[in-house]
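Novice: Input work.pdb, format and content: PDB, C-alpha atoms, pLDDT in the B column.
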ATOM      1  CA  MET S 589      10.365  -6.117  32.532  1.00 75.00           C
ATOM      2  CA  ALA S 590      10.299  -9.706  31.302  1.00 78.00           C
ATOM      3  CA  LEU S 591       9.037 -10.762  34.737  1.00 84.00           C
ATOM      4  CA  ILE S 592       6.152  -8.315  34.400  1.00 85.00           C
ATOM      5  CA  TYR S 593       5.179  -9.849  31.047  1.00 84.00           C
ATOM      6  CA  LEU S 594       5.474 -13.373  32.439  1.00 86.00           C
ATOM      7  CA  SER S 595       3.316 -12.365  35.399  1.00 91.00           C
ATOM      8  CA  ILE S 596       0.671 -10.835  33.158  1.00 90.00           C
ATOM      9  CA  GLY S 597       0.638 -13.998  31.040  1.00 88.00           C
ATOM     10  CA  PHE S 598       0.414 -16.238  34.103  1.00 91.00           C
ATOM     11  CA  PHE S 599      -2.184 -14.342  36.125  1.00 93.00           C
ATOM     12  CA  TYR S 600      -4.365 -13.386  33.148  1.00 91.00           C
ATOM     13  CA  LYS S 601      -4.077 -16.604  31.134  1.00 91.00           C
ATOM     14  CA  ASP S 602      -7.821 -17.250  31.437  1.00 92.00           C
ATOM     15  CA  LYS S 603      -8.645 -13.797  30.064  1.00 90.00           C
ATOM     16  CA  ILE S 604      -6.082 -14.204  27.279  1.00 88.00           C
ATOM     17  CA  LYS S 605      -7.607 -17.572  26.403  1.00 88.00           C
ATOM     18  CA  GLN S 606     -11.065 -15.975  26.262  1.00 87.00           C
ATOM     19  CA  LEU S 607      -9.753 -13.266  23.931  1.00 86.00           C
ATOM     20  CA  SER S 608      -8.326 -15.797  21.513  1.00 85.00           C
ATOM     21  CA  GLU S 609     -11.023 -18.500  21.672  1.00 86.00           C
ATOM     22  CA  PHE S 610     -14.480 -17.099  22.390  1.00 86.00           C
ATOM     23  CA  GLU S 611     -16.780 -15.427  19.917  1.00 87.00           C
ATOM     24  CA  SER S 612     -17.759 -12.129  21.459  1.00 88.00           C
ATOM     25  CA  ARG S 613     -18.923  -8.935  19.837  1.00 92.00           C
ATOM     26  CA  LYS S 614     -17.730  -7.094  22.945  1.00 93.00           C
ATOM     27  CA  TYR S 615     -14.157  -8.379  22.494  1.00 92.00           C
ATOM     28  CA  ASP S 616     -14.225  -7.517  18.787  1.00 93.00           C
ATOM     29  CA  LEU S 617     -15.386  -3.962  19.455  1.00 95.00           C
ATOM     30  CA  ALA S 618     -12.842  -3.486  22.240  1.00 94.00           C
ATOM     31  CA  ALA S 619     -10.018  -4.855  20.061  1.00 94.00           C
ATOM     32  CA  GLY S 620     -11.139  -2.649  17.176  1.00 95.00           C
ATOM     33  CA  ALA S 621     -11.114   0.443  19.391  1.00 96.00           C
ATOM     34  CA  VAL S 622      -7.693  -0.471  20.765  1.00 96.00           C
ATOM     35  CA  ALA S 623      -6.407  -1.080  17.215  1.00 96.00           C
ATOM     36  CA  VAL S 624      -7.601   2.374  16.127  1.00 97.00           C
ATOM     37  CA  ALA S 625      -5.977   3.916  19.206  1.00 95.00           C
ATOM     38  CA  LEU S 626      -2.701   2.071  18.455  1.00 94.00           C
ATOM     39  CA  VAL S 627      -2.708   3.246  14.832  1.00 94.00           C
ATOM     40  CA  ILE S 628      -3.237   6.832  15.965  1.00 93.00           C
ATOM     41  CA  PHE S 629      -0.560   6.406  18.636  1.00 89.00           C
ATOM     42  CA  CYS S 630       1.967   4.992  16.148  1.00 87.00           C
ATOM     43  CA  TRP S 631       1.169   7.655  13.567  1.00 88.00           C
ATOM     44  CA  PHE S 632       1.606  10.431  16.123  1.00 86.00           C
ATOM     45  CA  ILE S 633       4.743   8.979  17.718  1.00 82.00           C
ATOM     46  CA  TYR S 634       6.606   8.102  14.510  1.00 79.00           C
ATOM     47  CA  THR S 635       5.546  10.943  12.194  1.00 80.00           C
ATOM     48  CA  ASP S 636       8.332  12.960  10.564  1.00 77.00           C
ATOM     49  CA  GLY S 637      11.016  10.521  11.727  1.00 73.00           C
ATOM     50  CA  ASN S 638      10.522  11.519  15.364  1.00 70.00           C
ATOM     51  CA  ARG S 639      10.585   8.632  17.756  1.00 71.00           C
ATOM     52  CA  LEU S 640       8.977  10.009  20.876  1.00 70.00           C
ATOM     53  CA  TYR S 641       8.430   6.532  22.274  1.00 72.00           C
ATOM     54  CA  TYR S 642      11.177   3.921  22.222  1.00 70.00           C
ATOM     55  CA  PHE S 643      11.185   0.499  23.817  1.00 70.00           C
ATOM     56  CA  ASP S 644      13.896  -2.131  23.578  1.00 69.00           C
ATOM     57  CA  MET S 645      14.328  -4.970  26.050  1.00 69.00           C
ATOM     58  CA  LYS S 646      17.756  -6.120  24.858  1.00 68.00           C
ATOM     59  CA  PRO S 647      19.708  -3.091  26.147  1.00 68.00           C
ATOM     60  CA  VAL S 648      17.039  -2.648  28.852  1.00 68.00           C
ATOM     61  CA  TYR S 649      15.848   0.693  27.550  1.00 65.00           C
ATOM     62  CA  TYR S 650      12.395   1.912  28.482  1.00 67.00           C
ATOM     63  CA  LYS S 651      11.643   5.241  30.051  1.00 70.00           C
ATOM     64  CA  GLU S 652       8.083   4.771  31.257  1.00 75.00           C
ATOM     65  CA  LEU S 653       7.189   1.560  33.076  1.00 76.00           C
ATOM     66  CA  ILE S 654       3.430   2.005  32.651  1.00 82.00           C
ATOM     67  CA  SER S 655       3.584   2.516  28.879  1.00 82.00           C
ATOM     68  CA  ALA S 656       6.146  -0.298  28.586  1.00 82.00           C
ATOM     69  CA  ALA S 657       3.495  -2.605  30.040  1.00 85.00           C
ATOM     70  CA  LEU S 658       0.308  -1.149  28.529  1.00 89.00           C
ATOM     71  CA  ILE S 659       1.377  -0.732  24.903  1.00 88.00           C
ATOM     72  CA  PRO S 660       2.578  -4.344  24.382  1.00 88.00           C
ATOM     73  CA  CYS S 661      -0.557  -5.596  26.174  1.00 91.00           C
ATOM     74  CA  ALA S 662      -2.716  -3.499  23.840  1.00 94.00           C
ATOM     75  CA  PHE S 663      -0.977  -5.014  20.811  1.00 93.00           C
ATOM     76  CA  GLY S 664      -1.419  -8.459  22.388  1.00 92.00           C
ATOM     77  CA  MET S 665      -5.170  -7.897  22.762  1.00 92.00           C
ATOM     78  CA  VAL S 666      -5.497  -6.908  19.111  1.00 95.00           C
ATOM     79  CA  PHE S 667      -3.341  -9.863  17.973  1.00 91.00           C
ATOM     80  CA  ALA S 668      -5.417 -12.287  20.062  1.00 90.00           C
ATOM     81  CA  ARG S 669      -8.584 -11.201  18.261  1.00 93.00           C
ATOM     82  CA  ILE S 670      -6.873 -11.271  14.861  1.00 92.00           C
ATOM     83  CA  ILE S 671      -5.760 -14.840  15.599  1.00 88.00           C
ATOM     84  CA  TYR S 672      -9.305 -15.756  16.613  1.00 90.00           C
ATOM     85  CA  TRP S 673     -10.653 -14.534  13.284  1.00 91.00           C
ATOM     86  CA  MET S 674      -7.786 -16.071  11.293  1.00 89.00           C
ATOM     87  CA  GLU S 675      -8.695 -19.476  12.711  1.00 87.00           C
ATOM     88  CA  LYS S 676     -12.235 -19.054  11.361  1.00 88.00           C
ATOM     89  CA  ILE S 677     -11.014 -18.558   7.764  1.00 88.00           C
ATOM     90  CA  ASN S 678     -10.447 -21.977   6.167  1.00 87.00           C
ATOM     91  CA  TRP S 679      -8.107 -20.865   3.386  1.00 90.00           C
ATOM     92  CA  LEU S 680      -5.642 -19.569   6.011  1.00 89.00           C
ATOM     93  CA  ASP S 681      -5.086 -23.034   7.518  1.00 90.00           C
ATOM     94  CA  GLY S 682      -1.546 -23.349   6.100  1.00 91.00           C
ATOM     95  CA  LEU S 683      -0.556 -19.955   7.471  1.00 91.00           C
ATOM     96  CA  ASN S 684      -2.167 -20.787  10.809  1.00 89.00           C
ATOM     97  CA  ARG S 685      -0.179 -24.043  11.027  1.00 91.00           C
ATOM     98  CA  PHE S 686       3.032 -22.150  10.223  1.00 92.00           C
ATOM     99  CA  PHE S 687       2.309 -19.588  12.966  1.00 90.00           C
ATOM    100  CA  ALA S 688       1.539 -22.439  15.397  1.00 90.00           C
ATOM    101  CA  LEU S 689       4.889 -24.031  14.526  1.00 91.00           C
ATOM    102  CA  CYS S 690       6.644 -20.680  15.090  1.00 91.00           C
ATOM    103  CA  GLY S 691       4.924 -20.444  18.473  1.00 89.00           C
ATOM    104  CA  GLN S 692       6.087 -23.931  19.412  1.00 91.00           C
ATOM    105  CA  ALA S 693       9.641 -23.149  18.276  1.00 91.00           C
ATOM    106  CA  THR S 694       9.889 -19.900  20.232  1.00 89.00           C
ATOM    107  CA  ILE S 695      12.848 -21.016  22.355  1.00 89.00           C
ATOM    108  CA  PRO S 696      15.057 -22.098  19.429  1.00 90.00           C
ATOM    109  CA  ILE S 697      14.112 -18.956  17.479  1.00 90.00           C
ATOM    110  CA  MET S 698      14.869 -16.733  20.471  1.00 87.00           C
ATOM    111  CA  PHE S 699      18.285 -18.241  21.127  1.00 87.00           C
ATOM    112  CA  MET S 700      19.402 -18.825  17.543  1.00 88.00           C
ATOM    113  CA  HIS S 701      18.300 -15.707  15.629  1.00 86.00           C
ATOM    114  CA  ILE S 702      21.127 -13.432  16.821  1.00 84.00           C
ATOM    115  CA  PRO S 703      24.053 -15.873  16.371  1.00 87.00           C
ATOM    116  CA  LEU S 704      22.677 -16.914  12.967  1.00 85.00           C
ATOM    117  CA  ASN S 705      22.595 -13.282  11.849  1.00 84.00           C
ATOM    118  CA  HIS S 706      25.999 -12.385  13.250  1.00 84.00           C
ATOM    119  CA  TRP S 707      27.357 -11.533   9.783  1.00 84.00           C
ATOM    120  CA  LYS S 708      24.378  -9.385   8.728  1.00 82.00           C
ATOM    121  CA  ASP S 709      26.496  -6.265   8.301  1.00 79.00           C
ATOM    122  CA  ALA S 710      29.358  -8.095   6.579  1.00 80.00           C
ATOM    123  CA  PHE S 711      27.040  -9.618   3.942  1.00 83.00           C
ATOM    124  CA  GLU S 712      24.819  -6.514   3.870  1.00 85.00           C
ATOM    125  CA  TYR S 713      21.452  -8.193   3.725  1.00 85.00           C
ATOM    126  CA  GLY S 714      18.304  -6.444   4.878  1.00 85.00           C
ATOM    127  CA  ARG S 715      15.526  -7.055   7.353  1.00 84.00           C
ATOM    128  CA  VAL S 716      13.665  -9.574   5.212  1.00 90.00           C
ATOM    129  CA  MET S 717      16.691 -11.883   4.987  1.00 90.00           C
ATOM    130  CA  TYR S 718      17.331 -11.300   8.706  1.00 88.00           C
ATOM    131  CA  VAL S 719      13.837 -12.632   9.442  1.00 89.00           C
ATOM    132  CA  VAL S 720      14.111 -15.501   6.945  1.00 91.00           C
ATOM    133  CA  ILE S 721      17.444 -16.641   8.411  1.00 91.00           C
ATOM    134  CA  GLY S 722      16.502 -15.935  12.040  1.00 90.00           C
ATOM    135  CA  ILE S 723      13.208 -17.823  11.852  1.00 93.00           C
ATOM    136  CA  GLY S 724      13.731 -20.252   8.957  1.00 93.00           C
ATOM    137  CA  ILE S 725      16.861 -21.988  10.191  1.00 93.00           C
ATOM    138  CA  PRO S 726      15.589 -22.520  13.781  1.00 93.00           C
ATOM    139  CA  ILE S 727      12.297 -23.895  12.369  1.00 94.00           C
ATOM    140  CA  VAL S 728      14.147 -26.328  10.088  1.00 94.00           C
ATOM    141  CA  PHE S 729      16.419 -27.248  13.017  1.00 94.00           C
ATOM    142  CA  THR S 730      13.336 -27.897  15.158  1.00 93.00           C
ATOM    143  CA  LEU S 731      11.670 -30.027  12.477  1.00 94.00           C
ATOM    144  CA  ILE S 732      14.793 -32.148  12.005  1.00 94.00           C
ATOM    145  CA  PHE S 733      15.846 -32.646  15.627  1.00 93.00           C
ATOM    146  CA  ASN S 734      12.573 -32.588  17.638  1.00 92.00           C
ATOM    147  CA  LYS S 735      12.253 -36.365  17.457  1.00 92.00           C
ATOM    148  CA  TYR S 736      15.341 -36.882  19.643  1.00 92.00           C
ATOM    149  CA  LYS S 737      14.751 -36.553  23.374  1.00 92.00           C
ATOM    150  CA  ALA S 738      18.313 -35.365  24.058  1.00 92.00           C
ATOM    151  CA  MET S 739      18.011 -32.609  21.453  1.00 91.00           C
ATOM    152  CA  ARG S 740      14.625 -31.519  22.830  1.00 89.00           C
ATOM    153  CA  LYS S 741      16.112 -31.262  26.305  1.00 90.00           C
ATOM    154  CA  LEU S 742      19.349 -29.587  25.174  1.00 89.00           C
ATOM    155  CA  PHE S 743      17.801 -26.994  22.842  1.00 85.00           C
ATOM    156  CA  GLY S 744      14.312 -26.570  24.317  1.00 84.00           C
ATOM    157  CA  LEU S 745      12.696 -28.056  21.237  1.00 88.00           C
ATOM    158  CA  PRO S 746       9.010 -28.925  21.303  1.00 87.00           C
ATOM    159  CA  LYS S 747       7.786 -32.481  20.793  1.00 87.00           C
ATOM    160  CA  LEU S 748       5.882 -32.234  17.506  1.00 83.00           C
TER     161      LEU S 748
END
Kindly transcribe the structure held in the file into C-alpha cells.
Specialist:
Amino acid sequence: MALIYLSIGFFYKDKIKQLSEFESRKYDLAAGAVAVALVIFCWFIYTDGNRLYYFDMKPVYYKELISAALIPCAFGMVFARIIYWMEKINWLDGLNRFFALCGQATIPIMFMHIPLNHWKDAFEYGRVMYVVIGIGIPIVFTLIFNKYKAMRKLFGLPKL
C-alpha cells in the first residue's frame, strides 16, 4: 500500500503542486465538495460507535484496495487546498513555519514516535501527550543535531 501512495505522489506531483500553489476557483469548489463528501462519509461510517470502514497500515489491515487509495487521496486534496489558503493568511505564519518544520522532520518523527511512546500505557497518558512526545522530541532532536553531517546521514535529518 505504501508503494501505491509513493507512486501516486511521484506520478501526480505536478497536479499535487498545482493543488497547493495555484489560485483556482475550480480547485476550491472541488475541494469543498470533496470535504463535504468526506464529512458525510465519516459521519455515516462512525455514527453510533460503528466502524464500518477501518484502515491501518501498521498491521497491514485494509479490506478494500480502492477505498484504501481513494479516501486518503481525497483527504490529501482537501488538505492541499487548506494549506494553500493558510499560506495566504499572514497571522498564521508561525503555524505555517511549524508545519513546514514537521514536514521536513518527517523521517525522524516516523522512526522515533513509537519508541518514544513505549511507556504510554505504564504512565497512562493520553493522545495529546502521545502527540506532544512523538512529535516534540523528534523536532527538538532535529533542531539540535541537523547541523552535523553525520547525524543528518545517520538519522535522515534535514539540512535546515
Novice: When you count all atoms listed in the file, which of these residues is closest to Leu640 in chain S: S:Asp709, S:Ile604, S:Glu652, S:Ala619?
Specialist: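 Checking each candidate against Leu640 in chain S, we get S:Glu652 as the closest.
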Novice: Report the centre and edge lengths, in Å to one decimal, of an axis-aligned box enclosing every atom of range 724-732 of chain S listed in the file, padded by 5 Å on each side, as JSON.
Specialist:
{"center_x": 14.3, "center_y": -26.2, "center_z": 12.1, "size_x": 15.2, "size_y": 21.9, "size_z": 16.2}
Novice: Which residues come within 12 Å of Val719 in chain S, counting all atoms listed in the file, excluding same-chain residues fewer than 3 positions away, as a list in words?
Specialist: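 My list of contacting residues is Ile697, Met698, Met700, His701, Ile702, Leu704, Asn705, Lys708, Tyr713, Gly714, Arg715, Val716, Gly722, Ile723, Gly724, Ile725, Pro726 and Ile727 of chain S.
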Novice: Write a file of the selected residues as a compact mmCIF listing (two decimals), in the coordinates of the input, keeping C-alpha atoms.
Specialist:
# COMPACT_ATOMS: atom_id res chain seq x y z
CA ILE S 697 14.11 -18.96 17.48
CA MET S 698 14.87 -16.73 20.47
CA MET S 700 19.40 -18.82 17.54
CA HIS S 701 18.30 -15.71 15.63
CA ILE S 702 21.13 -13.43 16.82
CA LEU S 704 22.68 -16.91 12.97
CA ASN S 705 22.60 -13.28 11.85
CA LYS S 708 24.38 -9.38 8.73
CA TYR S 713 21.45 -8.19 3.72
CA GLY S 714 18.30 -6.44 4.88
CA ARG S 715 15.53 -7.06 7.35
CA VAL S 716 13.66 -9.57 5.21
CA GLY S 722 16.50 -15.94 12.04
CA ILE S 723 13.21 -17.82 11.85
CA GLY S 724 13.73 -20.25 8.96
CA ILE S 725 16.86 -21.99 10.19
CA PRO S 726 15.59 -22.52 13.78
CA ILE S 727 12.30 -23.90 12.37
Novice: Quick one: of S:Arg685, S:Ala657, S:Leu748, S:Phe743, who's nearest to Ile596 in chain S, counting all atoms listed in the file?
Specialist: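 Of S:Arg685, S:Ala657, S:Leu748, S:Phe743, the one nearest Ile596 in chain S is S:Ala657, counting all atoms listed in the file.
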Novice: Taking all atoms listed in the file into account, which of S:Phe599, S:Ser608, S:Gly637, S:Phe663 comes nearest Ala625 in chain S?
Specialist: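 Under the stated criterion, the closest residue is S:Phe663.
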Novice: Spell out the residues picked by the PyMOL selection byres ((chain S and resi 672) around 10) here, as a list of chain:residue names.
Specialist: S:Gln606, S:Leu607, S:Ser608, S:Glu609, S:Phe610, S:Glu611, S:Asp616, S:Val666, S:Phe667, S:Ala668, S:Arg669, S:Ile670, S:Ile671, S:Trp673, S:Met674, S:Glu675, S:Lys676, S:Ile677
Novice: Residues at most 7 Å from Asn734 in chain S, counting all atoms listed in the file, excluding those fewer than 2 positions away in the same chain, as a PyMOL selection string?
Specialist: chain S and resi 730-732+736+739-740+745-748
Novice: Rounded to one decimal place, report the CA of Ile628 in chain S-CA of Tyr641 in chain S distance in Å.
Specialist: 13.3 Å
Novice: For Ile592 in chain S, which residue among S:Ala738, S:Cys690, S:Ala656, S:Ile721 is the nearest when counting only C-alpha atoms?
Specialist: S:Ala656
Novice: Of the candidates S:Trp631, S:Lys603, S:Tyr718, S:Met589, which one gets nearest to Leu653 in chain S if we count all atoms listed in the file?
Specialist: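 Between S:Trp631, S:Lys603, S:Tyr718, S:Met589, the residue approaching Leu653 in chain S most closely is S:Met589.
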Novice: So what do you get for CA of Gln692 in chain S versus CA of Val728 in chain S, distance-wise?
Specialist: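 CA of Val728 in chain S lies 12.6 Å from CA of Gln692 in chain S.
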Novice: Just how far from CA of Met717 in chain S is CA of Gly664 in chain S, in Å to one decimal?
Specialist: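 That distance, rounded to one decimal, is 25.3 Å.
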Novice: Leaving out Ile654 in chain S and any residue of its chain fewer than 4 positions from it, which residues lie within 12 Å of it when counting only C-alpha atoms, given as number ranges by chain?
Specialist: S: 589, 592, 643, 650, 658-661
Novice: For Met665 in chain S, which of S:Leu591, S:Phe729, S:Glu712, S:Ala618 is the closest residue, counting all atoms listed in the file?
Specialist: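 Of all the options, S:Ala618 lies closest to Met665 in chain S.
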Novice: As an mmCIF file, in the frame of the given file, please: range 682-693 of chain S completed to all heavy atoms.
Specialist:
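Output file result-v7.cif is given in full below:
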data_model
loop_
_atom_site.group_PDB
_atom_site.id
_atom_site.type_symbol
_atom_site.label_atom_id
_atom_site.label_comp_id
_atom_site.auth_asym_id
_atom_site.auth_seq_id
_atom_site.Cartn_x
_atom_site.Cartn_y
_atom_site.Cartn_z
ATOM 1 N N GLY S 682 -2.998 -23.169 6.246
ATOM 2 C CA GLY S 682 -1.546 -23.349 6.100
ATOM 3 C C GLY S 682 -0.773 -22.288 6.858
ATOM 4 O O GLY S 682 0.200 -22.589 7.558
ATOM 5 N N LEU S 683 -1.204 -21.048 6.748
ATOM 6 C CA LEU S 683 -0.556 -19.955 7.471
ATOM 7 C C LEU S 683 -0.729 -20.128 8.976
ATOM 8 O O LEU S 683 0.212 -19.913 9.744
ATOM 9 C CB LEU S 683 -1.132 -18.611 7.013
ATOM 10 C CG LEU S 683 -0.499 -17.357 7.583
ATOM 11 C CD1 LEU S 683 0.969 -17.244 7.171
ATOM 12 C CD2 LEU S 683 -1.273 -16.125 7.125
ATOM 13 N N ASN S 684 -1.919 -20.558 9.384
ATOM 14 C CA ASN S 684 -2.167 -20.787 10.809
ATOM 15 C C ASN S 684 -1.265 -21.891 11.360
ATOM 16 O O ASN S 684 -0.741 -21.779 12.464
ATOM 17 C CB ASN S 684 -3.634 -21.151 11.057
ATOM 18 C CG ASN S 684 -4.559 -19.979 10.824
ATOM 19 O OD1 ASN S 684 -4.143 -18.819 10.867
ATOM 20 N ND2 ASN S 684 -5.818 -20.261 10.552
ATOM 21 N N ARG S 685 -1.069 -22.964 10.581
ATOM 22 C CA ARG S 685 -0.179 -24.043 11.027
ATOM 23 C C ARG S 685 1.264 -23.554 11.123
ATOM 24 O O ARG S 685 1.993 -23.920 12.045
ATOM 25 C CB ARG S 685 -0.290 -25.244 10.084
ATOM 26 C CG ARG S 685 -1.544 -26.069 10.319
ATOM 27 C CD ARG S 685 -1.476 -27.423 9.633
ATOM 28 N NE ARG S 685 -1.312 -27.344 8.192
ATOM 29 C CZ ARG S 685 -2.316 -27.210 7.319
ATOM 30 N NH1 ARG S 685 -3.557 -27.146 7.766
ATOM 31 N NH2 ARG S 685 -2.075 -27.160 6.032
ATOM 32 N N PHE S 686 1.676 -22.703 10.165
ATOM 33 C CA PHE S 686 3.032 -22.150 10.223
ATOM 34 C C PHE S 686 3.203 -21.285 11.471
ATOM 35 O O PHE S 686 4.208 -21.391 12.177
ATOM 36 C CB PHE S 686 3.339 -21.332 8.964
ATOM 37 C CG PHE S 686 4.645 -20.611 9.040
ATOM 38 C CD1 PHE S 686 5.853 -21.300 8.936
ATOM 39 C CD2 PHE S 686 4.690 -19.238 9.248
ATOM 40 C CE1 PHE S 686 7.066 -20.645 9.021
ATOM 41 C CE2 PHE S 686 5.899 -18.567 9.336
ATOM 42 C CZ PHE S 686 7.094 -19.267 9.225
ATOM 43 N N PHE S 687 2.221 -20.426 11.767
ATOM 44 C CA PHE S 687 2.309 -19.588 12.966
ATOM 45 C C PHE S 687 2.312 -20.442 14.231
ATOM 46 O O PHE S 687 3.004 -20.124 15.202
ATOM 47 C CB PHE S 687 1.165 -18.572 13.013
ATOM 48 C CG PHE S 687 1.321 -17.430 12.069
ATOM 49 C CD1 PHE S 687 0.215 -16.792 11.542
ATOM 50 C CD2 PHE S 687 2.573 -16.962 11.689
ATOM 51 C CE1 PHE S 687 0.353 -15.727 10.670
ATOM 52 C CE2 PHE S 687 2.726 -15.895 10.820
ATOM 53 C CZ PHE S 687 1.609 -15.273 10.304
ATOM 54 N N ALA S 688 1.544 -21.540 14.236
ATOM 55 C CA ALA S 688 1.539 -22.439 15.397
ATOM 56 C C ALA S 688 2.917 -23.074 15.572
ATOM 57 O O ALA S 688 3.418 -23.180 16.701
ATOM 58 C CB ALA S 688 0.464 -23.506 15.231
ATOM 59 N N LEU S 689 3.544 -23.471 14.461
ATOM 60 C CA LEU S 689 4.889 -24.031 14.526
ATOM 61 C C LEU S 689 5.884 -22.998 15.053
ATOM 62 O O LEU S 689 6.738 -23.310 15.886
ATOM 63 C CB LEU S 689 5.323 -24.542 13.155
ATOM 64 C CG LEU S 689 6.733 -25.115 13.056
ATOM 65 C CD1 LEU S 689 6.894 -26.312 13.991
ATOM 66 C CD2 LEU S 689 7.056 -25.492 11.623
ATOM 67 N N CYS S 690 5.766 -21.755 14.585
ATOM 68 C CA CYS S 690 6.644 -20.680 15.090
ATOM 69 C C CYS S 690 6.436 -20.494 16.593
ATOM 70 O O CYS S 690 7.400 -20.295 17.336
ATOM 71 C CB CYS S 690 6.362 -19.363 14.366
ATOM 72 S SG CYS S 690 6.940 -19.315 12.673
ATOM 73 N N GLY S 691 5.200 -20.573 17.048
ATOM 74 C CA GLY S 691 4.924 -20.444 18.473
ATOM 75 C C GLY S 691 5.524 -21.581 19.275
ATOM 76 O O GLY S 691 6.026 -21.379 20.379
ATOM 77 N N GLN S 692 5.500 -22.789 18.719
ATOM 78 C CA GLN S 692 6.087 -23.931 19.412
ATOM 79 C C GLN S 692 7.609 -23.871 19.408
ATOM 80 O O GLN S 692 8.255 -24.403 20.302
ATOM 81 C CB GLN S 692 5.629 -25.233 18.758
ATOM 82 C CG GLN S 692 4.164 -25.526 18.987
ATOM 83 C CD GLN S 692 3.708 -26.735 18.198
ATOM 84 O OE1 GLN S 692 4.099 -26.932 17.047
ATOM 85 N NE2 GLN S 692 2.876 -27.551 18.818
ATOM 86 N N ALA S 693 8.182 -23.229 18.391
ATOM 87 C CA ALA S 693 9.641 -23.149 18.276
ATOM 88 C C ALA S 693 10.186 -21.819 18.798
ATOM 89 O O ALA S 693 11.256 -21.375 18.395
ATOM 90 C CB ALA S 693 10.050 -23.351 16.818
#
